[in-house]
Amino acid sequence: MAVSVEGLASAVKGRVVEAGAPDYDDARTLYNAMIDKRPAAIAYCTDESDVAAALRYGVDHGLRIAVRGGGHNGAGLGSVDDGLVIDLSAINAIEVDEPAKMARVGGGALLRELLWATHERGLTVPVGIIGTTGVGGLTLGGGIGHLTRALGLTIDNLVAATVVLADGSIVQTDSEREPDLFWAIRGGGGNFGIVTSFSFRCHPLTTVLAGPVLYDMDDTADLLAWYRDFLPAAPDELSGFFAFLSIPPAPPFPEELHLRKVCGVAWTQAGEEESEALREARSFGKPLLDGMAPVPLPAWNTAFDELYGPGDQWYWRGEFVREIPDEAIAVHAEYGPAMPTWKSTMHMYAIDGAASRVANDETAWSYRDAIWGGVFAGVDPDPANAGALTDWVRGYSDAIKPHGMGGGYVNFHMDEPDRVRGMYGANYDRLARAKAKYDPDNVFRVNQNIPPAA
Ligand SMILES: Cc1cc2nc3c(=O)[nH]c(=O)nc-3n(C[C@H](O)[C@H](O)[C@H](O)COP(=O)(O)OP(=O)(O)OC[C@H]3O[C@@H](n4cnc5c(N)ncnc54)[C@H](O)[C@@H]3O)c2cc1C
């Protein structure tokens with residue numbers, strides 16, 4: 001039986017799309033086509049008071065609540081069957097205060113909007129590598145990207161936020177105001193409230209020297225053994241994620257390399273001038289292709305957007321690692337060449353450098369001693385390949401787990417309820433206490449959920 005949402009449309013100012021409406025299928029579609037959820041309604045809230053109104057309606061009517069920022073979450077945690085989706089996409093204004101080097105960003109903005117708005121003022125905020133990802137989900141989980149070694153995680157640059165709490169109240173939080181909340185939202189995911197505004201510290205950086213350096217798949221063991229020693233010793237300004245990928249069948253890649261499975265490193269150096277470390281990196285081995293070039297930062301941060309547009313099937317898992325022993329290299333060398341489809345990939349993001357100089361208990365993100373955050377992603381447009389994607393990712397991540405730290409990044413997981421405690425690591429119990437304070441009834445439970453401490 002259809003869940004009634006009578007009165008919702010008059011309770012909120014923004015557009016409401018109910019199940020059965022002509023635009024319902026469009027409105028409920030998520031980035032990951034493997035997820036097919038049918039909410040009772042989607043409310044496109046216009047500001048924080050509208051979010052509070054929608055939330056009150058949902059709570060009063062016993063509806064499960066999902067909060068949707070960019071809708072990119074692998075597990076589809078921006079939506080919920082038979083419940084209410086509070087969509088933040090209309091709350092996407094960005095104000096950049098150039099002299100103060102600050103950006104105030106609506107809770108539903110996308111990374112590409114933030115990147116271009118700050119770039120116009122000669123500034124940036126370190127975020128993830130795909131521009132269509134939501135600032136909301138990415139930031140609340142931590143925020144890993146090309147500049148993590150140079151400028152820290154996204155949360156390391158968050159200085160304040162406006163949050164709609166479970167009881168509908170609207171609070172401002174920073175290190176002085178509601179400090180427990182401010183601590184919890186920096187890594188604790190969407191468990192604590194709906195963030196309608198993020199205030200970020202910005203950095204004066206417009207251009208990076210960046211691109212992929214790609215090698216024959218047979219070079220995997222040599223490249224990985226060199227990379228694991230080289231990168232942690234390199235200056236913070238240089239980062240590079242190790243990857244397995246298939247070369248995309250389109251320009252600027254040379255036709256003879258199209259669809260070839262390769263290993264490589266996607267390098268990013270903060271600033272245009274080639275450093276000694278980068279020169280050394282580029283001289284390693286015999287690359288098939290060196291695509292390094294000076295590039296405006298937002299262009300590099302959106303370079304994969306077209307390749308990974310919405311509508312593909314995605315299955316993924318993550319793992320934090322501190323070391324890459326020879327036994328782990330053997331696992332990578334086995335699973336890399338076995339990528340089931342050409343869009344499938346494995347990335348190992350460097351998360352040391354600036355991010356590692358924040359104490360483990362300073363924010364809720366509790367893997368400051370990790371050197372890499374690995375992600376195994378099976379990707380393909382054809383639903384018939386969903387099983388093959390899932391099998392490869394599960395096999396790969398299970399084989400790497402013995403070499404990992406017991407948890408993976410909260411934003412890189414889908415359906416592993418038994419690993420949720422591990423995602424929050426040593427900070428889990430404090431997060432559960434913060435949850436009991438700010439959301440004792442677990443209103444916000446469509447996420448990698450932390451039940452309130454008893
Ligand atoms: C192609 C691709 C590339 C990615 N690359 C990176 C990367 O480089 N670095 C990285 O760190 N992550 C990356 N991610 C992971 C990404 O951070 C997560 O998928 C994240 O959850 C996406 O946020 P969203 O707002 O788009 O998602 P949504 O699906 O809208 O939301 C995800 C979760 O966050 C909550 N949420 C979202 N916004 C808010 C808000 N304003 N207030 C409260 N709760 C909110 C939701 O309730 C939900 O639980 C990538 C994901 C994809 C699909």
# chains A, B, ... in the order shown; residues from 1 in each chain; ligands from 1

call {"tool": "residues_around", "arguments": {"residues": "Pro204 in chain A", "least_positions_apart": "5", "cutoff": "10 Å", "atoms": "only C-alpha atoms", "output": "PyMOL selection string"}}
result
chain A and resi 98+101+118-119+121-125

call {"tool": "residues_around", "arguments": {"residues": "Arg357 in chain A", "least_positions_apart": "4", "cutoff": "9 Å", "atoms": "only C-alpha atoms", "output": "VMD selection string"}}
result
chain A and resid 152 352 to 353 368 to 369

call {"tool": "write_last_selection", "arguments": {"atoms": "N, CA and C atoms", "output": "PDB file, in the first residue's frame"}}
result
ATOM      1  N   GLY A 152      45.437  18.597   3.415  1.00  0.00           N
ATOM      2  CA  GLY A 152      44.623  17.848   4.370  1.00  0.00           C
ATOM      3  C   GLY A 152      43.324  17.344   3.746  1.00  0.00           C
ATOM      4  N   ASP A 352      48.451  10.560   3.676  1.00  0.00           N
ATOM      5  CA  ASP A 352      49.402  10.946   4.730  1.00  0.00           C
ATOM      6  C   ASP A 352      49.674  12.454   4.592  1.00  0.00           C
ATOM      7  N   GLY A 353      50.886  12.886   4.765  1.00  0.00           N
ATOM      8  CA  GLY A 353      51.193  14.313   4.625  1.00  0.00           C
ATOM      9  C   GLY A 353      50.392  15.150   5.609  1.00  0.00           C
ATOM     10  N   ARG A 368      44.127   8.563  10.970  1.00  0.00           N
ATOM     11  CA  ARG A 368      45.198   9.522  10.663  1.00  0.00           C
ATOM     12  C   ARG A 368      46.536   8.815  10.465  1.00  0.00           C
ATOM     13  N   ASP A 369      46.622   7.576  10.939  1.00  0.00           N
ATOM     14  CA  ASP A 369      47.883   6.851  10.775  1.00  0.00           C
ATOM     15  C   ASP A 369      47.880   5.970   9.519  1.00  0.00           C
TER      16      ASP A 369
END

call {"tool": "select_by_dssp", "arguments": {"residues": "range 52-128 of chain A", "states": "alpha helix (DSSP H)", "output": "list in words"}}
result
Ala52, Ala53, Ala54, Leu55, Arg56, Tyr57, Gly58, Val59, Asp60, Leu111, Arg112, Glu113, Leu114, Leu115, Trp116, Ala117, Thr118 and His119 of chain A

call {"tool": "write_last_selection", "arguments": {"atoms": "all heavy atoms", "output": "short mmCIF file (atom, residue, chain, number, x, y, z; two decimals), in the first residue's frame"}}
result
data_model
loop_
_atom_site.label_atom_id
_atom_site.label_comp_id
_atom_site.auth_asym_id
_atom_site.auth_seq_id
_atom_site.Cartn_x
_atom_site.Cartn_y
_atom_site.Cartn_z
N ALA A 52 14.00 22.05 7.97
CA ALA A 52 13.44 21.76 9.29
C ALA A 52 11.96 21.39 9.18
O ALA A 52 11.49 20.46 9.85
CB ALA A 52 13.63 22.96 10.22
N ALA A 53 11.24 22.08 8.28
CA ALA A 53 9.80 21.79 8.11
C ALA A 53 9.59 20.38 7.54
O ALA A 53 8.73 19.62 8.01
CB ALA A 53 9.17 22.84 7.19
N ALA A 54 10.40 20.04 6.54
CA ALA A 54 10.27 18.70 5.93
C ALA A 54 10.62 17.62 6.96
O ALA A 54 9.93 16.59 7.06
CB ALA A 54 11.20 18.60 4.72
N LEU A 55 11.66 17.90 7.72
CA LEU A 55 12.09 16.93 8.72
C LEU A 55 10.99 16.71 9.77
O LEU A 55 10.65 15.57 10.12
CB LEU A 55 13.37 17.45 9.39
CG LEU A 55 13.99 16.59 10.48
CD1 LEU A 55 14.40 15.22 9.92
CD2 LEU A 55 15.22 17.29 11.06
N ARG A 56 10.40 17.81 10.24
CA ARG A 56 9.33 17.70 11.24
C ARG A 56 8.16 16.90 10.68
O ARG A 56 7.58 16.05 11.36
CB ARG A 56 8.84 19.10 11.65
CG ARG A 56 9.74 19.72 12.68
CD ARG A 56 9.00 20.78 13.51
NE ARG A 56 10.01 21.62 14.13
CZ ARG A 56 10.49 22.75 13.59
NH1 ARG A 56 10.04 23.19 12.45
NH2 ARG A 56 11.42 23.44 14.21
N TYR A 57 7.83 17.18 9.41
CA TYR A 57 6.73 16.44 8.79
C TYR A 57 7.06 14.93 8.81
O TYR A 57 6.24 14.09 9.20
CB TYR A 57 6.49 16.90 7.34
CG TYR A 57 5.40 16.10 6.67
CD1 TYR A 57 4.09 16.57 6.65
CD2 TYR A 57 5.66 14.84 6.11
CE1 TYR A 57 3.07 15.82 6.07
CE2 TYR A 57 4.65 14.08 5.54
CZ TYR A 57 3.37 14.57 5.52
OH TYR A 57 2.36 13.82 4.97
N GLY A 58 8.27 14.60 8.38
CA GLY A 58 8.67 13.19 8.30
C GLY A 58 8.62 12.51 9.66
O GLY A 58 8.11 11.40 9.80
N VAL A 59 9.18 13.19 10.66
CA VAL A 59 9.22 12.60 12.01
C VAL A 59 7.80 12.44 12.55
O VAL A 59 7.43 11.38 13.06
CB VAL A 59 10.10 13.48 12.95
CG1 VAL A 59 9.97 13.02 14.39
CG2 VAL A 59 11.55 13.44 12.49
N ASP A 60 6.99 13.49 12.41
CA ASP A 60 5.60 13.43 12.94
C ASP A 60 4.79 12.33 12.27
O ASP A 60 3.85 11.80 12.86
CB ASP A 60 4.88 14.78 12.71
CG ASP A 60 5.46 15.86 13.62
OD1 ASP A 60 6.26 15.52 14.51
OD2 ASP A 60 5.13 17.05 13.40
N LEU A 111 30.83 19.39 -5.95
CA LEU A 111 32.26 19.74 -5.90
C LEU A 111 32.64 20.69 -7.03
O LEU A 111 33.38 21.65 -6.83
CB LEU A 111 33.14 18.49 -6.01
CG LEU A 111 32.98 17.41 -4.95
CD1 LEU A 111 34.12 16.38 -5.08
CD2 LEU A 111 32.94 17.97 -3.55
N ARG A 112 32.13 20.42 -8.24
CA ARG A 112 32.56 21.26 -9.37
C ARG A 112 32.13 22.71 -9.17
O ARG A 112 32.83 23.63 -9.58
CB ARG A 112 32.07 20.70 -10.70
CG ARG A 112 30.59 20.68 -10.87
CD ARG A 112 30.15 20.35 -12.29
NE ARG A 112 28.70 20.35 -12.31
CZ ARG A 112 27.95 19.40 -12.84
NH1 ARG A 112 28.49 18.38 -13.44
NH2 ARG A 112 26.64 19.48 -12.79
N GLU A 113 30.98 22.93 -8.54
CA GLU A 113 30.51 24.30 -8.28
C GLU A 113 31.45 24.99 -7.29
O GLU A 113 31.83 26.15 -7.48
CB GLU A 113 29.07 24.27 -7.75
CG GLU A 113 28.08 23.73 -8.78
CD GLU A 113 26.74 23.27 -8.21
OE1 GLU A 113 26.60 23.14 -6.98
OE2 GLU A 113 25.83 23.00 -9.02
N LEU A 114 31.82 24.27 -6.25
CA LEU A 114 32.75 24.83 -5.26
C LEU A 114 34.12 25.10 -5.90
O LEU A 114 34.73 26.15 -5.68
CB LEU A 114 32.89 23.84 -4.09
CG LEU A 114 33.98 24.14 -3.07
CD1 LEU A 114 33.79 25.51 -2.43
CD2 LEU A 114 34.01 23.06 -1.98
N LEU A 115 34.57 24.15 -6.72
CA LEU A 115 35.91 24.29 -7.32
C LEU A 115 35.99 25.51 -8.24
O LEU A 115 36.95 26.28 -8.18
CB LEU A 115 36.24 23.02 -8.11
CG LEU A 115 36.61 21.82 -7.23
CD1 LEU A 115 36.41 20.51 -8.00
CD2 LEU A 115 38.05 21.94 -6.74
N TRP A 116 34.97 25.70 -9.08
CA TRP A 116 35.03 26.84 -10.02
C TRP A 116 34.81 28.16 -9.30
O TRP A 116 35.45 29.17 -9.62
CB TRP A 116 34.04 26.66 -11.17
CG TRP A 116 34.51 25.64 -12.18
CD1 TRP A 116 33.97 24.41 -12.42
CD2 TRP A 116 35.65 25.74 -13.06
NE1 TRP A 116 34.69 23.74 -13.39
CE2 TRP A 116 35.73 24.53 -13.81
CE3 TRP A 116 36.61 26.73 -13.29
CZ2 TRP A 116 36.71 24.29 -14.77
CZ3 TRP A 116 37.60 26.48 -14.25
CH2 TRP A 116 37.64 25.28 -14.98
N ALA A 117 33.91 28.18 -8.30
CA ALA A 117 33.64 29.44 -7.58
C ALA A 117 34.88 29.93 -6.85
O ALA A 117 35.18 31.13 -6.84
CB ALA A 117 32.48 29.25 -6.60
N THR A 118 35.62 29.01 -6.23
CA THR A 118 36.84 29.43 -5.53
C THR A 118 37.96 29.76 -6.52
O THR A 118 38.72 30.71 -6.31
CB THR A 118 37.31 28.34 -4.54
OG1 THR A 118 37.32 27.07 -5.21
CG2 THR A 118 36.40 28.26 -3.33
N HIS A 119 38.02 28.99 -7.60
CA HIS A 119 39.07 29.21 -8.62
C HIS A 119 39.01 30.63 -9.18
O HIS A 119 40.05 31.26 -9.41
CB HIS A 119 38.88 28.18 -9.74
CG HIS A 119 39.95 28.21 -10.77
ND1 HIS A 119 41.22 27.71 -10.54
CD2 HIS A 119 39.97 28.66 -12.05
CE1 HIS A 119 41.96 27.86 -11.62
NE2 HIS A 119 41.23 28.44 -12.55
#

call {"tool": "residues_near_ligand", "arguments": {"ligand": "ligand 1", "cutoff": "7 Å", "atoms": "only C-alpha atoms and all ligand atoms", "output": "VMD selection string"}}
result
chain A and resid 31 66 to 74 76 to 78 88 107 to 108 127 to 130 133 to 138 140 to 145 189 to 190 193 to 196 308 411 to 412 446 to 448

call {"tool": "residues_around", "arguments": {"residues": "Ser197 in chain A", "least_positions_apart": "3", "cutoff": "7 Å", "atoms": "only C-alpha atoms", "output": "MDAnalysis selection string"}}
result
chainID A and resid 104:107 161:162

call {"tool": "atom_distance", "arguments": {"atom1": "CA of Phe200 in chain A", "atom2": "CA of Val358 in chain A"}}
result
16.7 Å

call {"tool": "residues_around", "arguments": {"residues": "range 264-271 of chain A", "least_positions_apart": "2", "cutoff": "9 Å", "atoms": "only C-alpha atoms", "output": "ChimeraX atom specification"}}
result
/A:146-147,150,205-217,220,223-224,227,236-245,262,273-275,278,281,287,292,294,300

call {"tool": "write_last_selection", "arguments": {"atoms": "C-alpha atoms", "output": "short mmCIF file (atom, residue, chain, number, x, y, z; two decimals), in the first residue's frame"}}
result
data_model
loop_
_atom_site.label_atom_id
_atom_site.label_comp_id
_atom_site.auth_asym_id
_atom_site.auth_seq_id
_atom_site.Cartn_x
_atom_site.Cartn_y
_atom_site.Cartn_z
CA HIS A 146 44.37 14.96 -5.09
CA LEU A 147 45.45 17.55 -2.48
CA ALA A 150 49.28 19.05 0.58
CA LEU A 205 46.21 27.59 -5.49
CA THR A 206 44.93 27.74 -9.06
CA THR A 207 47.14 25.50 -11.19
CA VAL A 208 48.58 22.07 -10.66
CA LEU A 209 51.02 19.96 -12.64
CA ALA A 210 49.00 16.81 -13.01
CA GLY A 211 48.17 13.77 -15.08
CA PRO A 212 48.52 10.02 -15.37
CA VAL A 213 51.76 8.15 -15.92
CA LEU A 214 50.74 4.70 -17.14
CA TYR A 215 52.62 1.42 -17.42
CA ASP A 216 52.20 -2.06 -18.83
CA MET A 217 50.21 -4.31 -16.49
CA THR A 220 52.63 -3.83 -11.50
CA LEU A 223 55.87 -0.03 -9.86
CA LEU A 224 54.03 -0.75 -6.63
CA TYR A 227 55.75 3.65 -5.18
CA ASP A 236 53.56 17.04 0.83
CA GLU A 237 53.13 19.14 -2.33
CA LEU A 238 53.34 15.97 -4.41
CA SER A 239 50.67 13.32 -4.37
CA GLY A 240 49.75 10.46 -6.64
CA PHE A 241 47.25 7.68 -6.43
CA PHE A 242 48.22 4.26 -7.67
CA ALA A 243 45.58 2.85 -10.02
CA PHE A 244 44.53 -0.04 -12.18
CA LEU A 245 42.41 1.09 -15.12
CA VAL A 262 47.27 -0.80 -17.34
CA GLU A 273 56.98 24.20 -11.43
CA GLU A 274 58.16 20.59 -11.67
CA SER A 275 59.79 19.57 -8.39
CA LEU A 278 58.13 14.72 -9.50
CA ALA A 281 58.76 9.94 -10.22
CA PRO A 287 55.85 4.38 -19.10
CA MET A 292 51.51 15.27 -17.14
CA PRO A 294 49.98 22.17 -16.08
CA TRP A 300 41.90 18.28 -13.20
#

call {"tool": "select_by_dssp", "arguments": {"residues": "range 125-338 of chain A", "states": "strand (DSSP E)", "output": "ChimeraX atom specification"}}
result
/A:158-164,170-173,194-201,207-216,238-246,261-270,289-290,293-296,313-321

call {"tool": "closest_residue", "arguments": {"among": "A:Ala160, A:Asp305, A:Glu256, A:Ile35", "to": "Asp415 in chain A", "atoms": "only C-alpha atoms"}}
result
A:Ile35

call {"tool": "atom_distance", "arguments": {"atom1": "CA of Asp97 in chain A", "atom2": "CA of Thr148 in chain A"}}
result
22.6 Å

call {"tool": "closest_residue", "arguments": {"among": "A:Trp316, A:Phe284, A:Phe182, A:Phe376", "to": "Phe198 in chain A", "atoms": "only C-alpha atoms"}}
result
A:Phe182

call {"tool": "closest_residue", "arguments": {"among": "A:Pro402, A:Pro39, A:Pro232, A:Pro337", "to": "Tyr349 in chain A", "atoms": "only C-alpha atoms"}}
result
A:Pro232

call {"tool": "residues_around", "arguments": {"residues": "Ile65 in chain A", "least_positions_apart": "6", "cutoff": "7 Å", "atoms": "only C-alpha atoms", "output": "list in words"}}
result
Gly58, Gly83, Leu84, Val85, Val443, Phe444 and Val446 of chain A

call {"tool": "write_last_selection", "arguments": {"atoms": "N, CA, C and O atoms", "output": "short mmCIF file (atom, residue, chain, number, x, y, z; two decimals), in the first residue's frame"}}
result
data_model
loop_
_atom_site.label_atom_id
_atom_site.label_comp_id
_atom_site.auth_asym_id
_atom_site.auth_seq_id
_atom_site.Cartn_x
_atom_site.Cartn_y
_atom_site.Cartn_z
N GLY A 58 8.27 14.60 8.38
CA GLY A 58 8.67 13.19 8.30
C GLY A 58 8.62 12.51 9.66
O GLY A 58 8.11 11.40 9.80
N GLY A 83 10.07 6.07 2.21
CA GLY A 83 10.30 7.15 3.16
C GLY A 83 10.33 8.50 2.48
O GLY A 83 9.89 8.67 1.33
N LEU A 84 10.88 9.49 3.19
CA LEU A 84 10.94 10.85 2.70
C LEU A 84 12.39 11.21 2.36
O LEU A 84 13.27 11.11 3.24
N VAL A 85 12.62 11.62 1.12
CA VAL A 85 13.95 12.12 0.74
C VAL A 85 13.94 13.64 0.89
O VAL A 85 13.14 14.34 0.27
N VAL A 443 16.86 9.31 14.25
CA VAL A 443 16.08 9.80 13.09
C VAL A 443 16.94 9.69 11.82
O VAL A 443 16.45 9.29 10.76
N PHE A 444 18.23 10.02 11.96
CA PHE A 444 19.14 9.95 10.80
C PHE A 444 19.81 8.57 10.81
O PHE A 444 20.87 8.38 11.39
N VAL A 446 19.58 6.48 7.78
CA VAL A 446 19.89 6.04 6.42
C VAL A 446 21.29 6.56 6.09
O VAL A 446 21.49 7.60 5.47
#

call {"tool": "closest_residue", "arguments": {"among": "A:Asp222, A:Asp398, A:Glu176, A:Glu18", "to": "Glu319 in chain A", "atoms": "only C-alpha atoms"}}
result
A:Asp398

call {"tool": "closest_residue", "arguments": {"among": "A:Tyr44, A:Trp392, A:Phe320, A:Tyr335", "to": "Ala377 in chain A", "atoms": "only C-alpha atoms"}}
result
A:Trp392

call {"tool": "residues_around", "arguments": {"residues": "Ile324 in chain A", "least_positions_apart": "3", "cutoff": "10 Å", "atoms": "only C-alpha atoms", "output": "list in words"}}
result
Leu224, Ala225, Tyr227, Arg228, Asp229, Val321, Glu327, Ala328, Ile329, Ala330, His332, Ile371, Trp372, Ile400, His403 and Gly404 of chain A

call {"tool": "write_last_selection", "arguments": {"atoms": "C-alpha atoms", "output": "PDB file, in the first residue's frame"}}
result
ATOM      1  CA  LEU A 224      54.028  -0.747  -6.634  1.00  0.00           C
ATOM      2  CA  ALA A 225      57.215  -1.747  -4.777  1.00  0.00           C
ATOM      3  CA  TYR A 227      55.749   3.646  -5.182  1.00  0.00           C
ATOM      4  CA  ARG A 228      55.211   2.354  -1.607  1.00  0.00           C
ATOM      5  CA  ASP A 229      58.707   3.533  -0.647  1.00  0.00           C
ATOM      6  CA  VAL A 321      46.341   0.516   4.675  1.00  0.00           C
ATOM      7  CA  GLU A 327      52.202 -10.284  -0.073  1.00  0.00           C
ATOM      8  CA  ALA A 328      49.761  -7.407  -0.749  1.00  0.00           C
ATOM      9  CA  ILE A 329      51.578  -6.567  -3.984  1.00  0.00           C
ATOM     10  CA  ALA A 330      50.995 -10.177  -5.069  1.00  0.00           C
ATOM     11  CA  HIS A 332      47.162  -6.538  -6.474  1.00  0.00           C
ATOM     12  CA  ILE A 371      49.037   6.028   4.466  1.00  0.00           C
ATOM     13  CA  TRP A 372      46.530   4.986   1.805  1.00  0.00           C
ATOM     14  CA  ILE A 400      43.529  -7.334   0.752  1.00  0.00           C
ATOM     15  CA  HIS A 403      46.950  -6.369   4.903  1.00  0.00           C
ATOM     16  CA  GLY A 404      44.566  -3.559   5.912  1.00  0.00           C
TER      17      GLY A 404
END

call {"tool": "residues_around", "arguments": {"residues": "His413 in chain A", "least_positions_apart": "4", "cutoff": "8 Å", "atoms": "only C-alpha atoms", "output": "list of chain:residue names"}}
result
A:Gly74, A:Ala75, A:Trp316, A:Arg317, A:Gly318, A:Gly408, A:Tyr409

call {"tool": "write_last_selection", "arguments": {"atoms": "C-alpha atoms", "output": "tab-separated table (two decimals), in the first residue's frame"}}
result
chain	number	residue	atom	x	y	z
A	74	GLY	CA	27.57	4.07	-3.67
A	75	ALA	CA	25.06	2.48	-1.35
A	316	TRP	CA	32.54	-0.90	-4.36
A	317	ARG	CA	34.42	-1.40	-1.14
A	318	GLY	CA	37.32	0.31	0.63
A	408	GLY	CA	37.68	1.31	5.18
A	409	TYR	CA	36.54	4.85	4.39
